[in-house]
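One file, protein.txt, carrying compact mmCIF, C-alpha atoms:
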# COMPACT_ATOMS: atom_id res chain seq x y z
CA MET L 1 0.00 0.00 0.00
CA THR L 2 1.60 3.24 -1.13
CA LEU L 3 2.33 5.93 1.41
CA ARG L 4 1.74 8.64 -1.15
CA TYR L 5 -1.59 10.21 -1.89
CA PRO L 6 -3.09 8.47 -4.96
CA LEU L 7 -2.19 10.16 -8.23
CA ALA L 8 0.63 12.14 -6.61
CA ALA L 9 4.14 11.68 -7.95
CA LYS L 10 5.72 13.31 -4.94
CA GLN L 11 4.48 14.32 -1.50
CA MET L 12 6.12 16.64 1.01
CA GLY L 13 3.79 17.36 3.93
CA ASN L 14 0.77 19.08 2.40
CA HIS L 15 2.50 19.94 -0.88
CA LEU L 16 1.81 17.68 -3.84
CA ALA L 17 3.38 17.45 -7.27
CA MET L 18 0.56 16.15 -9.46
CA THR L 19 0.83 13.96 -12.51
CA ASP L 20 -2.77 13.00 -13.16
CA VAL L 21 -6.35 13.34 -11.99
CA SER L 22 -7.64 10.05 -13.27
CA ALA L 23 -11.09 8.58 -13.62
CA ASP L 24 -10.38 5.59 -11.40
CA LEU L 25 -10.20 7.61 -8.16
CA VAL L 26 -13.27 5.93 -6.68
CA PHE L 27 -11.89 2.49 -7.55
CA ARG L 28 -8.60 3.33 -5.87
CA ARG L 29 -10.34 4.62 -2.76
CA GLY L 30 -12.31 1.40 -2.39
CA LYS L 31 -9.21 -0.68 -3.02
CA GLU L 32 -7.25 1.03 -0.27
CA VAL L 33 -10.08 0.73 2.26
CA GLY L 34 -10.69 -2.86 1.21
CA LYS L 35 -7.16 -3.87 2.14
CA ALA L 36 -7.92 -2.82 5.71
CA VAL L 37 -11.38 -4.43 5.89
CA TYR L 38 -11.32 -7.71 3.96
CA GLN L 39 -10.95 -10.76 6.20
CA ASN L 40 -13.14 -13.34 4.40
CA ARG L 41 -13.51 -14.95 1.00
CA PRO L 42 -15.13 -12.63 -1.58
CA LEU L 43 -18.22 -14.77 -2.26
CA SER L 44 -18.89 -15.75 1.35
CA LYS L 45 -21.69 -13.97 3.22
CA ALA L 46 -19.16 -12.21 5.43
CA GLY L 47 -16.96 -11.38 2.44
CA ILE L 48 -19.84 -9.78 0.54
CA SER L 49 -20.71 -7.72 3.61
CA GLU L 50 -17.11 -6.54 3.92
CA ARG L 51 -16.98 -5.50 0.26
CA LEU L 52 -20.25 -3.60 0.53
CA PHE L 53 -18.83 -1.72 3.50
CA ALA L 54 -15.59 -0.94 1.64
CA PHE L 55 -17.59 0.43 -1.29
CA LEU L 56 -19.66 2.69 0.97
CA PHE L 57 -16.64 3.73 3.02
CA SER L 58 -14.76 4.86 -0.09
CA GLY L 59 -16.74 8.13 -0.07
CA LEU L 60 -17.22 10.71 2.68
CA VAL L 61 -18.16 8.99 5.94
CA TYR L 62 -17.57 11.49 8.75
CA PRO L 63 -18.33 15.16 8.05
CA GLN L 64 -17.26 15.65 11.66
CA ILE L 65 -15.24 13.41 13.91
CA TRP L 66 -17.29 11.44 16.42
CA GLU L 67 -14.70 11.25 19.20
CA ASP L 68 -14.36 13.92 21.86
CA PRO L 69 -11.11 15.88 21.30
CA ASP L 70 -11.31 17.50 24.74
CA VAL L 71 -11.09 14.08 26.38
CA ASP L 72 -8.30 13.11 23.97
CA MET L 73 -6.18 16.13 24.86
CA GLU L 74 -6.57 15.61 28.59
CA ALA L 75 -5.80 11.89 28.36
CA MET L 76 -2.73 12.60 26.23
CA GLN L 77 -1.61 15.43 28.53
CA LEU L 78 -0.97 17.14 25.22
CA GLY L 79 1.37 20.08 25.32
CA GLN L 80 4.04 22.10 23.57
CA GLY L 81 6.73 20.11 21.83
CA HIS L 82 4.77 16.88 21.50
CA ARG L 83 4.89 14.98 18.22
CA VAL L 84 1.49 13.46 17.45
CA VAL L 85 0.39 10.78 15.01
CA THR L 86 -3.38 10.52 14.65
CA ILE L 87 -5.98 9.11 12.31
CA ALA L 88 -7.48 12.07 10.48
CA SER L 89 -11.21 11.20 10.10
CA GLY L 90 -13.24 14.43 9.85
CA GLY L 91 -10.36 16.60 11.06
CA CYS L 92 -12.00 18.32 14.05
CA ASN L 93 -9.51 16.50 16.30
CA ILE L 94 -6.45 17.70 14.41
CA LEU L 95 -7.43 21.37 14.66
CA ALA L 96 -8.40 20.96 18.32
CA TYR L 97 -4.96 19.55 19.11
CA LEU L 98 -3.39 22.72 17.73
CA THR L 99 -4.84 24.66 20.68
CA ARG L 100 -2.15 22.94 22.81
CA SER L 101 0.67 23.93 20.39
CA PRO L 102 2.24 20.51 19.75
CA ALA L 103 5.43 20.50 17.68
CA ARG L 104 3.92 18.40 14.88
CA VAL L 105 0.72 16.56 13.99
CA ASP L 106 0.85 13.83 11.35
CA ALA L 107 -2.71 12.93 10.35
CA VAL L 108 -3.14 9.64 8.50
CA ASP L 109 -6.21 8.22 6.76
CA LEU L 110 -7.06 5.60 4.14
CA ASN L 111 -10.19 7.44 2.99
CA ALA L 112 -9.45 9.88 0.16
CA ALA L 113 -12.60 11.91 0.87
CA HIS L 114 -11.40 12.51 4.42
CA ILE L 115 -8.01 13.52 3.03
CA ALA L 116 -9.69 16.09 0.77
CA LEU L 117 -11.77 17.40 3.69
CA ASN L 118 -8.74 17.76 5.97
CA ARG L 119 -6.66 19.50 3.33
CA MET L 120 -9.52 21.89 2.65
CA LYS L 121 -9.95 22.62 6.38
CA LEU L 122 -6.29 23.52 6.72
CA GLU L 123 -6.42 25.91 3.77
CA ALA L 124 -9.64 27.43 5.13
CA VAL L 125 -7.93 28.17 8.45
CA ARG L 126 -4.98 29.71 6.59
CA HIS L 127 -6.84 31.78 4.04
CA LEU L 128 -10.42 32.64 5.03
CA PRO L 129 -10.33 36.30 6.09
CA SER L 130 -11.64 35.98 9.65
CA GLN L 131 -12.83 33.68 12.43
CA GLY L 132 -16.39 34.60 11.54
CA ASP L 133 -15.84 33.37 7.99
CA LEU L 134 -14.38 30.10 9.33
CA PHE L 135 -17.43 29.59 11.54
CA ARG L 136 -19.84 30.36 8.72
CA PHE L 137 -18.08 27.82 6.52
CA PHE L 138 -17.84 24.92 8.99
CA GLY L 139 -20.23 25.81 11.78
CA ALA L 140 -23.35 27.47 10.35
CA ALA L 141 -26.15 25.28 8.99
CA ASP L 142 -27.11 27.47 6.04
CA THR L 143 -24.73 29.96 4.42
CA SER L 144 -25.49 30.18 0.72
CA HIS L 145 -22.23 31.91 -0.25
CA ASN L 146 -19.78 29.39 1.24
CA SER L 147 -19.00 27.91 -2.16
CA ALA L 148 -18.16 31.41 -3.40
CA ALA L 149 -15.82 31.83 -0.40
CA TYR L 150 -14.23 28.52 -1.36
CA ASP L 151 -13.62 29.74 -4.92
CA ARG L 152 -12.10 33.03 -3.81
CA PHE L 153 -10.08 32.15 -0.73
CA ILE L 154 -9.49 28.38 -0.52
CA ALA L 155 -9.39 26.83 -3.99
CA PRO L 156 -6.34 28.79 -5.25
CA HIS L 157 -4.26 27.26 -2.44
CA LEU L 158 -5.61 23.71 -2.57
CA ASP L 159 -3.73 20.81 -4.14
CA PRO L 160 -5.12 19.61 -7.51
CA VAL L 161 -6.50 16.27 -6.27
CA SER L 162 -8.45 17.90 -3.44
CA ARG L 163 -9.74 20.57 -5.81
CA HIS L 164 -10.85 17.84 -8.18
CA TYR L 165 -12.75 16.19 -5.32
CA TRP L 166 -14.58 19.35 -4.20
CA GLU L 167 -15.25 20.71 -7.67
CA ARG L 168 -16.46 17.50 -9.30
CA ARG L 169 -20.08 17.77 -10.43
CA ASN L 170 -22.89 15.33 -9.68
CA TRP L 171 -25.62 14.19 -12.06
CA ARG L 172 -27.50 17.42 -11.36
CA GLY L 173 -24.51 19.49 -12.40
CA ARG L 174 -23.83 20.74 -8.86
CA ARG L 175 -20.29 20.83 -7.58
CA ARG L 176 -19.54 18.81 -4.45
CA ILE L 177 -18.42 21.97 -2.60
CA ALA L 178 -22.02 23.21 -2.81
CA VAL L 179 -22.90 21.03 0.20
CA PHE L 180 -21.36 23.79 2.32
CA ASP L 181 -24.03 26.20 1.07
CA SER L 182 -26.65 24.29 3.05
CA ASN L 183 -25.82 21.85 5.88
CA PHE L 184 -22.64 19.89 5.31
CA TYR L 185 -23.23 17.80 8.45
CA GLN L 186 -26.31 16.20 6.96
CA THR L 187 -24.12 14.65 4.27
CA GLY L 188 -21.72 11.73 4.35
CA LEU L 189 -22.62 8.27 5.61
CA LEU L 190 -22.86 9.53 9.18
CA GLY L 191 -25.17 12.40 8.25
CA LEU L 192 -27.41 10.05 6.28
CA PHE L 193 -27.45 7.56 9.17
CA ILE L 194 -28.58 10.25 11.62
CA ALA L 195 -31.24 11.38 9.13
CA MET L 196 -32.50 7.81 8.89
CA GLY L 197 -32.64 7.63 12.67
CA HIS L 198 -34.84 10.74 12.72
CA ARG L 199 -37.12 9.32 10.03
CA THR L 200 -37.43 6.03 11.89
CA ALA L 201 -38.33 7.77 15.16
CA LYS L 202 -40.89 9.96 13.39
CA PHE L 203 -42.39 6.83 11.81
CA PHE L 204 -43.14 5.73 15.36
CA GLY L 205 -44.48 9.17 16.30
CA VAL L 206 -41.41 10.67 18.00
CA ASP L 207 -39.43 13.73 16.94
CA PRO L 208 -35.88 13.40 18.37
CA ALA L 209 -35.40 17.18 18.03
CA GLY L 210 -37.91 17.60 20.83
CA ILE L 211 -35.17 16.98 23.38
CA MET L 212 -33.68 20.36 22.47
CA GLN L 213 -36.51 21.99 24.44
CA ALA L 214 -35.17 20.45 27.67
CA ARG L 215 -33.93 23.03 30.16
CA ASN L 216 -31.76 20.71 32.24
CA VAL L 217 -30.42 17.16 32.41
CA GLY L 218 -33.51 16.00 34.31
CA GLU L 219 -35.77 17.07 31.46
CA GLN L 220 -33.38 15.47 28.96
CA ARG L 221 -33.71 12.16 30.84
CA ARG L 222 -37.48 12.43 30.96
CA PHE L 223 -37.66 12.95 27.21
CA PHE L 224 -35.37 10.01 26.56
CA TYR L 225 -37.21 7.54 28.77
CA GLU L 226 -40.71 8.65 27.76
CA GLU L 227 -40.16 9.30 24.04
CA LEU L 228 -36.97 7.79 22.63
CA ALA L 229 -36.40 4.63 24.68
CA PRO L 230 -39.69 2.90 23.66
CA VAL L 231 -38.70 3.15 19.98
CA PHE L 232 -35.89 0.64 20.56
CA ASP L 233 -38.40 -1.97 21.74
CA LYS L 234 -40.21 -1.96 18.39
CA LYS L 235 -39.90 -5.27 16.55
CA LEU L 236 -39.24 -3.57 13.22
CA LEU L 237 -36.28 -1.62 14.61
CA LYS L 238 -34.87 -4.73 16.33
CA TRP L 239 -35.10 -6.61 13.06
CA ALA L 240 -33.49 -3.82 11.03
CA THR L 241 -30.57 -3.33 13.41
CA SER L 242 -29.90 -7.08 13.50
CA ARG L 243 -28.46 -6.65 9.98
CA LYS L 244 -24.80 -5.65 9.93
CA ALA L 245 -25.33 -3.33 6.98
CA SER L 246 -27.69 -1.22 9.12
CA LEU L 247 -24.69 0.30 10.93
CA PHE L 248 -22.49 0.95 7.91
CA GLY L 249 -23.66 4.56 8.13
CA LEU L 250 -21.84 4.86 11.45
CA GLY L 251 -18.65 3.68 9.76
CA ILE L 252 -18.91 0.34 11.59
CA PRO L 253 -17.55 -2.55 9.51
CA PRO L 254 -18.79 -6.14 10.00
CA ALA L 255 -15.94 -7.09 12.36
CA GLN L 256 -16.69 -4.11 14.60
CA TYR L 257 -20.42 -4.95 14.59
CA ASP L 258 -19.57 -8.34 16.10
CA SER L 259 -17.55 -6.64 18.83
CA LEU L 260 -20.19 -4.00 19.50
CA ILE L 261 -23.02 -6.47 20.01
CA THR L 262 -21.15 -8.20 22.86
CA SER L 263 -21.73 -5.16 25.09
CA GLY L 264 -25.53 -5.50 25.15
CA ASP L 265 -28.09 -8.20 25.80
CA GLY L 266 -27.40 -9.87 22.46
CA THR L 267 -29.38 -7.40 20.34
CA MET L 268 -27.99 -4.37 18.55
CA ALA L 269 -31.12 -2.40 19.48
CA SER L 270 -30.18 -2.66 23.16
CA VAL L 271 -26.62 -1.48 22.45
CA LEU L 272 -27.81 1.53 20.43
CA LYS L 273 -30.37 2.36 23.11
CA ALA L 274 -27.67 2.41 25.81
CA ARG L 275 -25.33 4.57 23.74
CA LEU L 276 -28.09 7.03 22.85
CA GLU L 277 -29.09 7.18 26.52
CA LYS L 278 -25.58 8.36 27.42
CA LEU L 279 -25.63 10.95 24.64
CA ALA L 280 -29.07 12.23 25.66
CA CYS L 281 -28.81 12.04 29.44
CA ASP L 282 -25.25 12.24 30.75
CA PHE L 283 -24.26 15.75 29.67
CA PRO L 284 -26.09 19.10 29.64
CA LEU L 285 -27.02 20.09 26.11
CA GLU L 286 -25.18 23.38 26.49
CA ASN L 287 -21.92 21.44 26.92
CA ASN L 288 -22.36 18.78 24.24
CA TYR L 289 -22.17 19.71 20.57
CA PHE L 290 -22.36 15.99 19.66
CA ALA L 291 -25.92 15.95 21.03
CA TRP L 292 -26.71 19.07 18.99
CA GLN L 293 -25.63 17.30 15.82
CA ALA L 294 -27.54 14.14 16.72
CA PHE L 295 -30.79 15.78 17.77
CA ALA L 296 -30.87 19.34 16.33
CA ARG L 297 -28.88 18.36 13.19
CA ARG L 298 -26.65 21.42 13.51
CA TYR L 299 -24.01 23.06 15.68
CA PRO L 300 -25.06 25.71 18.20
CA ASN L 301 -24.69 29.33 17.23
CA PRO L 302 -21.87 31.25 18.94
CA GLY L 303 -22.91 31.89 22.55
CA GLU L 304 -25.76 29.37 22.37
CA ALA L 305 -23.75 26.37 23.61
CA ALA L 306 -20.29 24.80 23.40
CA LEU L 307 -18.71 24.39 19.97
CA PRO L 308 -15.84 22.26 18.66
CA ALA L 309 -12.58 23.85 19.79
CA TYR L 310 -11.56 24.91 16.28
CA LEU L 311 -14.77 26.91 15.91
CA GLU L 312 -14.49 28.72 19.26
CA LYS L 313 -13.40 32.32 18.85
CA GLN L 314 -10.85 32.22 21.68
CA HIS L 315 -8.82 29.49 19.93
CA TYR L 316 -8.73 31.01 16.47
CA GLU L 317 -5.39 32.85 16.58
CA THR L 318 -3.61 29.92 18.24
CA ILE L 319 -4.90 27.42 15.68
CA ARG L 320 -4.09 29.70 12.76
CA GLY L 321 -0.60 30.27 14.12
CA ASN L 322 -0.01 26.54 14.47
CA VAL L 323 -1.67 25.23 11.30
CA ASP L 324 1.63 24.75 9.46
CA ARG L 325 2.56 22.11 12.03
CA VAL L 326 0.06 19.66 10.48
CA ALA L 327 0.83 17.25 7.64
CA ILE L 328 -1.90 15.09 6.04
CA HIS L 329 -0.98 11.64 4.72
CA HIS L 330 -3.09 9.27 2.63
CA ALA L 331 -1.53 6.12 4.04
CA ASN L 332 -1.83 2.87 5.89
CA LEU L 333 -1.03 3.69 9.52
CA ILE L 334 1.32 0.72 10.03
CA GLU L 335 3.34 1.55 6.92
CA PHE L 336 3.40 5.23 7.82
CA LEU L 337 4.84 4.48 11.26
CA ALA L 338 7.40 2.17 9.63
CA SER L 339 8.78 5.24 7.83
CA LYS L 340 9.35 7.04 11.15
CA ASP L 341 12.57 6.96 13.16
CA ALA L 342 12.73 5.11 16.48
CA GLY L 343 11.48 7.24 19.37
CA ALA L 344 10.05 9.89 17.01
CA VAL L 345 6.44 10.00 18.30
CA ASP L 346 5.14 11.19 21.67
CA ARG L 347 1.38 10.74 21.27
CA PHE L 348 -0.67 8.25 19.22
CA VAL L 349 -4.41 8.61 18.53
CA LEU L 350 -5.88 5.45 17.00
CA LEU L 351 -9.61 6.30 17.24
CA ASP L 352 -11.46 2.97 16.81
CA ALA L 353 -9.32 1.62 13.96
CA GLN L 354 -8.13 -1.42 15.88
CA ASP L 355 -11.66 -2.82 15.99
CA TRP L 356 -11.19 -3.49 12.27
CA MET L 357 -7.94 -5.37 12.63
CA THR L 358 -6.87 -9.01 12.65
CA ASP L 359 -4.42 -10.26 15.29
CA ASP L 360 -1.57 -10.08 12.77
CA GLN L 361 -2.41 -6.46 11.96
CA LEU L 362 -2.65 -5.54 15.64
CA ASN L 363 0.77 -7.03 16.35
CA ALA L 364 2.29 -5.27 13.33
CA LEU L 365 0.77 -1.97 14.48
CA TRP L 366 1.97 -2.27 18.07
CA ALA L 367 5.42 -3.34 16.97
CA GLU L 368 5.71 -0.04 15.08
CA ILE L 369 4.08 1.97 17.88
CA THR L 370 6.50 0.51 20.40
CA ARG L 371 9.50 1.14 18.15
CA THR L 372 8.58 4.75 17.33
CA ALA L 373 7.34 5.69 20.82
CA SER L 374 9.44 8.06 22.89
CA ALA L 375 9.93 7.54 26.64
CA GLY L 376 6.60 8.15 28.39
CA ALA L 377 4.66 8.16 25.11
CA ARG L 378 0.87 7.84 25.35
CA VAL L 379 -1.51 5.90 23.13
CA ILE L 380 -5.27 6.48 23.22
CA PHE L 381 -8.01 4.62 21.37
CA ARG L 382 -11.65 3.66 21.57
CA THR L 383 -13.41 0.32 21.22
CA ALA L 384 -16.97 -0.66 20.38
CA ALA L 385 -17.10 -3.03 23.35
CA GLU L 386 -16.03 -1.93 26.82
CA PRO L 387 -12.74 -3.83 27.45
CA SER L 388 -9.43 -3.15 25.76
CA LEU L 389 -9.04 -5.56 22.86
CA LEU L 390 -5.26 -5.89 23.18
CA PRO L 391 -4.76 -8.49 25.98
CA GLY L 392 -4.61 -11.98 24.52
CA ARG L 393 -4.29 -10.65 20.97
CA VAL L 394 -1.12 -8.57 21.03
CA SER L 395 2.12 -10.27 22.01
CA SER L 396 3.01 -9.93 25.69
CA SER L 397 6.55 -8.99 24.64
CA LEU L 398 5.04 -5.82 23.20
CA LEU L 399 2.34 -5.10 25.79
CA ASP L 400 4.78 -5.63 28.66
CA GLN L 401 6.47 -2.42 27.53
CA TRP L 402 3.28 -0.46 28.22
CA ASP L 403 1.20 0.36 31.30
CA TYR L 404 -2.56 0.25 30.88
CA GLN L 405 -4.20 3.08 32.81
CA ASP L 406 -7.31 1.21 33.90
CA GLU L 407 -8.91 3.72 36.28
CA ALA L 408 -8.13 6.72 34.08
CA SER L 409 -9.49 4.87 31.04
CA ARG L 410 -12.83 4.28 32.77
CA GLU L 411 -13.00 7.93 33.82
CA PHE L 412 -12.24 9.24 30.34
CA SER L 413 -14.76 6.82 28.83
CA ALA L 414 -17.49 8.17 31.11
CA ARG L 415 -16.63 11.74 30.13
CA ASP L 416 -16.55 11.16 26.35
CA ARG L 417 -19.43 13.35 25.18
CA SER L 418 -19.78 11.57 21.83
CA ALA L 419 -21.11 8.58 23.81
CA ILE L 420 -21.02 6.11 20.93
CA TYR L 421 -18.14 3.90 22.09
CA GLY L 422 -18.07 1.25 24.80
CA GLY L 423 -14.55 2.00 26.00
CA PHE L 424 -11.81 4.63 26.00
CA HIS L 425 -8.29 3.29 26.59
CA LEU L 426 -4.98 4.85 27.60
CA TYR L 427 -1.59 3.15 27.46
CA VAL L 428 1.67 4.78 28.67
CA LYS L 429 5.14 3.65 27.57
CA ARG L 430 7.19 2.29 30.45
CA ALA L 431 10.64 3.64 31.20
CA ALA L 432 13.38 1.53 29.64
Render the structure in this file as structure tokens.
Amino acid sequence: MTLRYPLAAKQMGNHLAMTDVSADLVFRRGKEVGKAVYQNRPLSKAGISERLFAFLFSGLVYPQIWEDPDVDMEAMQLGQGHRVVTIASGGCNILAYLTRSPARVDAVDLNAAHIALNRMKLEAVRHLPSQGDLFRFFGAADTSHNSAAYDRFIAPHLDPVSRHYWERRNWRGRRRIAVFDSNFYQTGLLGLFIAMGHRTAKFFGVDPAGIMQARNVGEQRRFFYEELAPVFDKKLLKWATSRKASLFGLGIPPAQYDSLITSGDGTMASVLKARLEKLACDFPLENNYFAWQAFARRYPNPGEAALPAYLEKQHYETIRGNVDRVAIHHANLIEFLASKDAGAVDRFVLLDAQDWMTDDQLNALWAEITRTASAGARVIFRTAAEPSLLPGRVSSSLLDQWDYQDEASREFSARDRSAIYGGFHLYVKRAA
């Protein structure tokens, strides 16, 4: 698997020397994702499911990241001088990390749509005229002139492959960048999944947006138990969520579905009910922008409630001053780490990627993490089920070089406002 962005002859950080913008971009995207997902024979039931997921995952999945960067930064004890390697996803995490002024952030992703989104976000931070313009572009639900702002301020600085992605036209003749003229967060697999959740609830007579009228956590809980919880007991919903493909919109591949279902009573409906309960009930709405996206389908307006760190006015100058410390890589994480020198990384952010992996892949990953980790390095990740998946799967010769922070992991998991994962995990490199 090449470490270079597809179609690029040469890559240096965010600067690309282009040779071609070819018609097989979608095929290449699916091929790269497929290498990470495929574990079964192509014509087996499991193999077909994996290939369907890879096809869907080759486009935009996460318009925003669905992990809490505030929890990440605290768990990492992120500070000045740290060298970070993270999975890119929707990019909200990368820009949030810049508020702590790390020395470098290498963001890695297999999904070419996420690469295009991250590269565009970086150029938007650099070149949009003001913080207000940045919020209107990535925070407001309806700003009809965002595509014009893209043309004037962002596009001239964007690499050719990313421009091709955002300026490609659909069957209606509309450019892809036009999604920012309405509500970008209702697009992508995640946005469509949330929309389907709203339609399903309304089919049963419940409007999830009603929770936004709650004035405190008590009223949030009352709405959940009286309105939302009964929906998960419906036979139709239980049947639908028993199909692995039903959660592809959350970016959950078949292998992760199997892990996720172990944390409930044997039905996916019970797992989703428990995760939604945490999202709806455990945090005040004014502090949880994940709940705003899930229930209101938008971010709060400035001053209305908490926003992602990169959209908060007080962080703007710091993020803009640090944006050149980020490099985006379209790469396999294991192979990317293999290109790093020993001891060259202080913080690793794996999101939930390990839930996808075979034992061989996990061992290859942790061999590279252990080799490239500096003294006292920290690794954070999330899992669909509650326990860490590493014991019994990763060689003890590798894990014995790390301390698992059990109590801290449970605390950070409880405080993760995104609420979708079963467990948050923190490992710290032992002194030699």
| Which residue out of L:Asn183, L:Asn332, L:Ser396, L:Gln314 has the minimum interatomic distance to Ala112 of chain L when all atoms listed in the file are used? |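 Residue with the minimum atom-to-atom distance to Ala112 of chain L: L:Asn332.
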Which segment 97-124 of chain L residues have any atom within 12 Å of an atom of segment 150-170 of chain L, and for each, what is the nearest pair of atoms with distance in Å to one decimal, counting all atoms listed in the file, rows sorted by chain and number, as JSON lines?
{"residue": "L:Ala112", "atom": "CA", "partner": "L:Ser162", "partner_atom": "CA", "distance": 8.8}
{"residue": "L:Ala113", "atom": "CA", "partner": "L:Tyr165", "partner_atom": "CA", "distance": 7.5}
{"residue": "L:His114", "atom": "CA", "partner": "L:Ser162", "partner_atom": "CA", "distance": 10.0}
{"residue": "L:Ile115", "atom": "CA", "partner": "L:Ser162", "partner_atom": "CA", "distance": 7.8}
{"residue": "L:Ala116", "atom": "CA", "partner": "L:Ser162", "partner_atom": "CA", "distance": 4.7}
{"residue": "L:Leu117", "atom": "CA", "partner": "L:Ser162", "partner_atom": "CA", "distance": 7.9}
{"residue": "L:Asn118", "atom": "CA", "partner": "L:Ser162", "partner_atom": "CA", "distance": 9.4}
{"residue": "L:Arg119", "atom": "CA", "partner": "L:Ser162", "partner_atom": "CA", "distance": 7.2}
{"residue": "L:Met120", "atom": "CA", "partner": "L:Leu158", "partner_atom": "CA", "distance": 6.8}
{"residue": "L:Lys121", "atom": "CA", "partner": "L:Ile154", "partner_atom": "CA", "distance": 9.0}
{"residue": "L:Leu122", "atom": "CA", "partner": "L:Ile154", "partner_atom": "CA", "distance": 9.3}
{"residue": "L:Glu123", "atom": "CA", "partner": "L:Ile154", "partner_atom": "CA", "distance": 5.8}
{"residue": "L:Ala124", "atom": "CA", "partner": "L:Ile154", "partner_atom": "CA", "distance": 5.7}
### Message
Using all atoms listed in the file, which protein or nucleic acid residues come within 12 Å of Phe184 of chain L? Drop anything in the same chain fewer than 2 positions from it, and give the result as number ranges by chain.
### Response
L: 60-64, 90, 117, 136-144, 146-147, 176-182, 186-192, 293, 297-299
Atom pair atom CA of His425 of chain L + atom CA of Arg393 of chain L, distance 15.6 Å
Go through L:Val125, L:Leu399, L:Ala294, L:Leu237 one by one, measure the shortest atom-to-atom distance of each to Ile369 of chain L using all atoms listed in the file, and give the residue with the smallest value.
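Result for the nearest residue to Ile369 of chain L: L:Leu399.
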Could you work out an axis-aligned bounding box for all listed atoms of segment 176-192 of chain L, with 8 Å added on each of the six sides, and give its centre and edge lengths in Å to one decimal, as JSON?
{"center_x": -22.9, "center_y": 17.2, "center_z": 2.4, "size_x": 25.0, "size_y": 33.9, "size_z": 29.6}
At what distance in Å, to one decimal, does atom CA of Asp359 of chain L lie from atom CA of Val394 of chain L?
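Atom CA of Asp359 of chain L lies at a distance of 6.8 Å from atom CA of Val394 of chain L.
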Exercise for the section: Dump as a PyMOL selection string all residues having an atom at most 7 Å from (-8.6, -2.9, 30.0), computed in the file's coordinates with all atoms listed in the file. Expected result: chain L and resi 387-388+404+406
message = Give me, as an MDAnalysis selection string, all polymer residues having an atom no more than 9 Å from segment 81-89 of chain L, counting all atoms listed in the file and skipping those fewer than 2 positions away in the same chain.
response = chainID L and resid 61:66 78:79 91:94 101:111 114:115 117:118 328:329 333 337 344:351 353
Close residues, Gln361 of chain L itself excluded, 12 Å, all atoms listed in the file, min 2 positions apart in chain, as an NGL selection string: :L and (35-37 or 39 or 332-335 or 353-359 or 363-368 or 390 or 393-395)
Have a look at atom CA of Asn216 of chain L and atom CA of Ala75 of chain L and let me know their distance in Å, one decimal.
->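 Between these atoms lies a distance of 27.7 Å.
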From the set L:Gly422, L:Gly303, L:Pro129, L:Pro308, which residue has the shortest atom-to-atom contact distance to Ala274 of chain L, counting all atoms listed in the file?
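Smallest distance to Ala274 of chain L is found for L:Gly422.
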Q) Do you know which residues are at most 12 Å from Leu307 of chain L counting all atoms listed in the file, after dropping those on the same chain fewer than 3 positions away, and could you put them as a PyMOL selection string? A) chain L and resi 68-70+92+96+135+138-140+285-293+298-304+310-315
Considering only C-alpha atoms, state which residue in the set L:Glu227, L:Glu386, L:Asp341, L:Asp360 is at the smallest distance from Thr372 of chain L.
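For Thr372 of chain L, the nearest of the given residues is L:Asp341.
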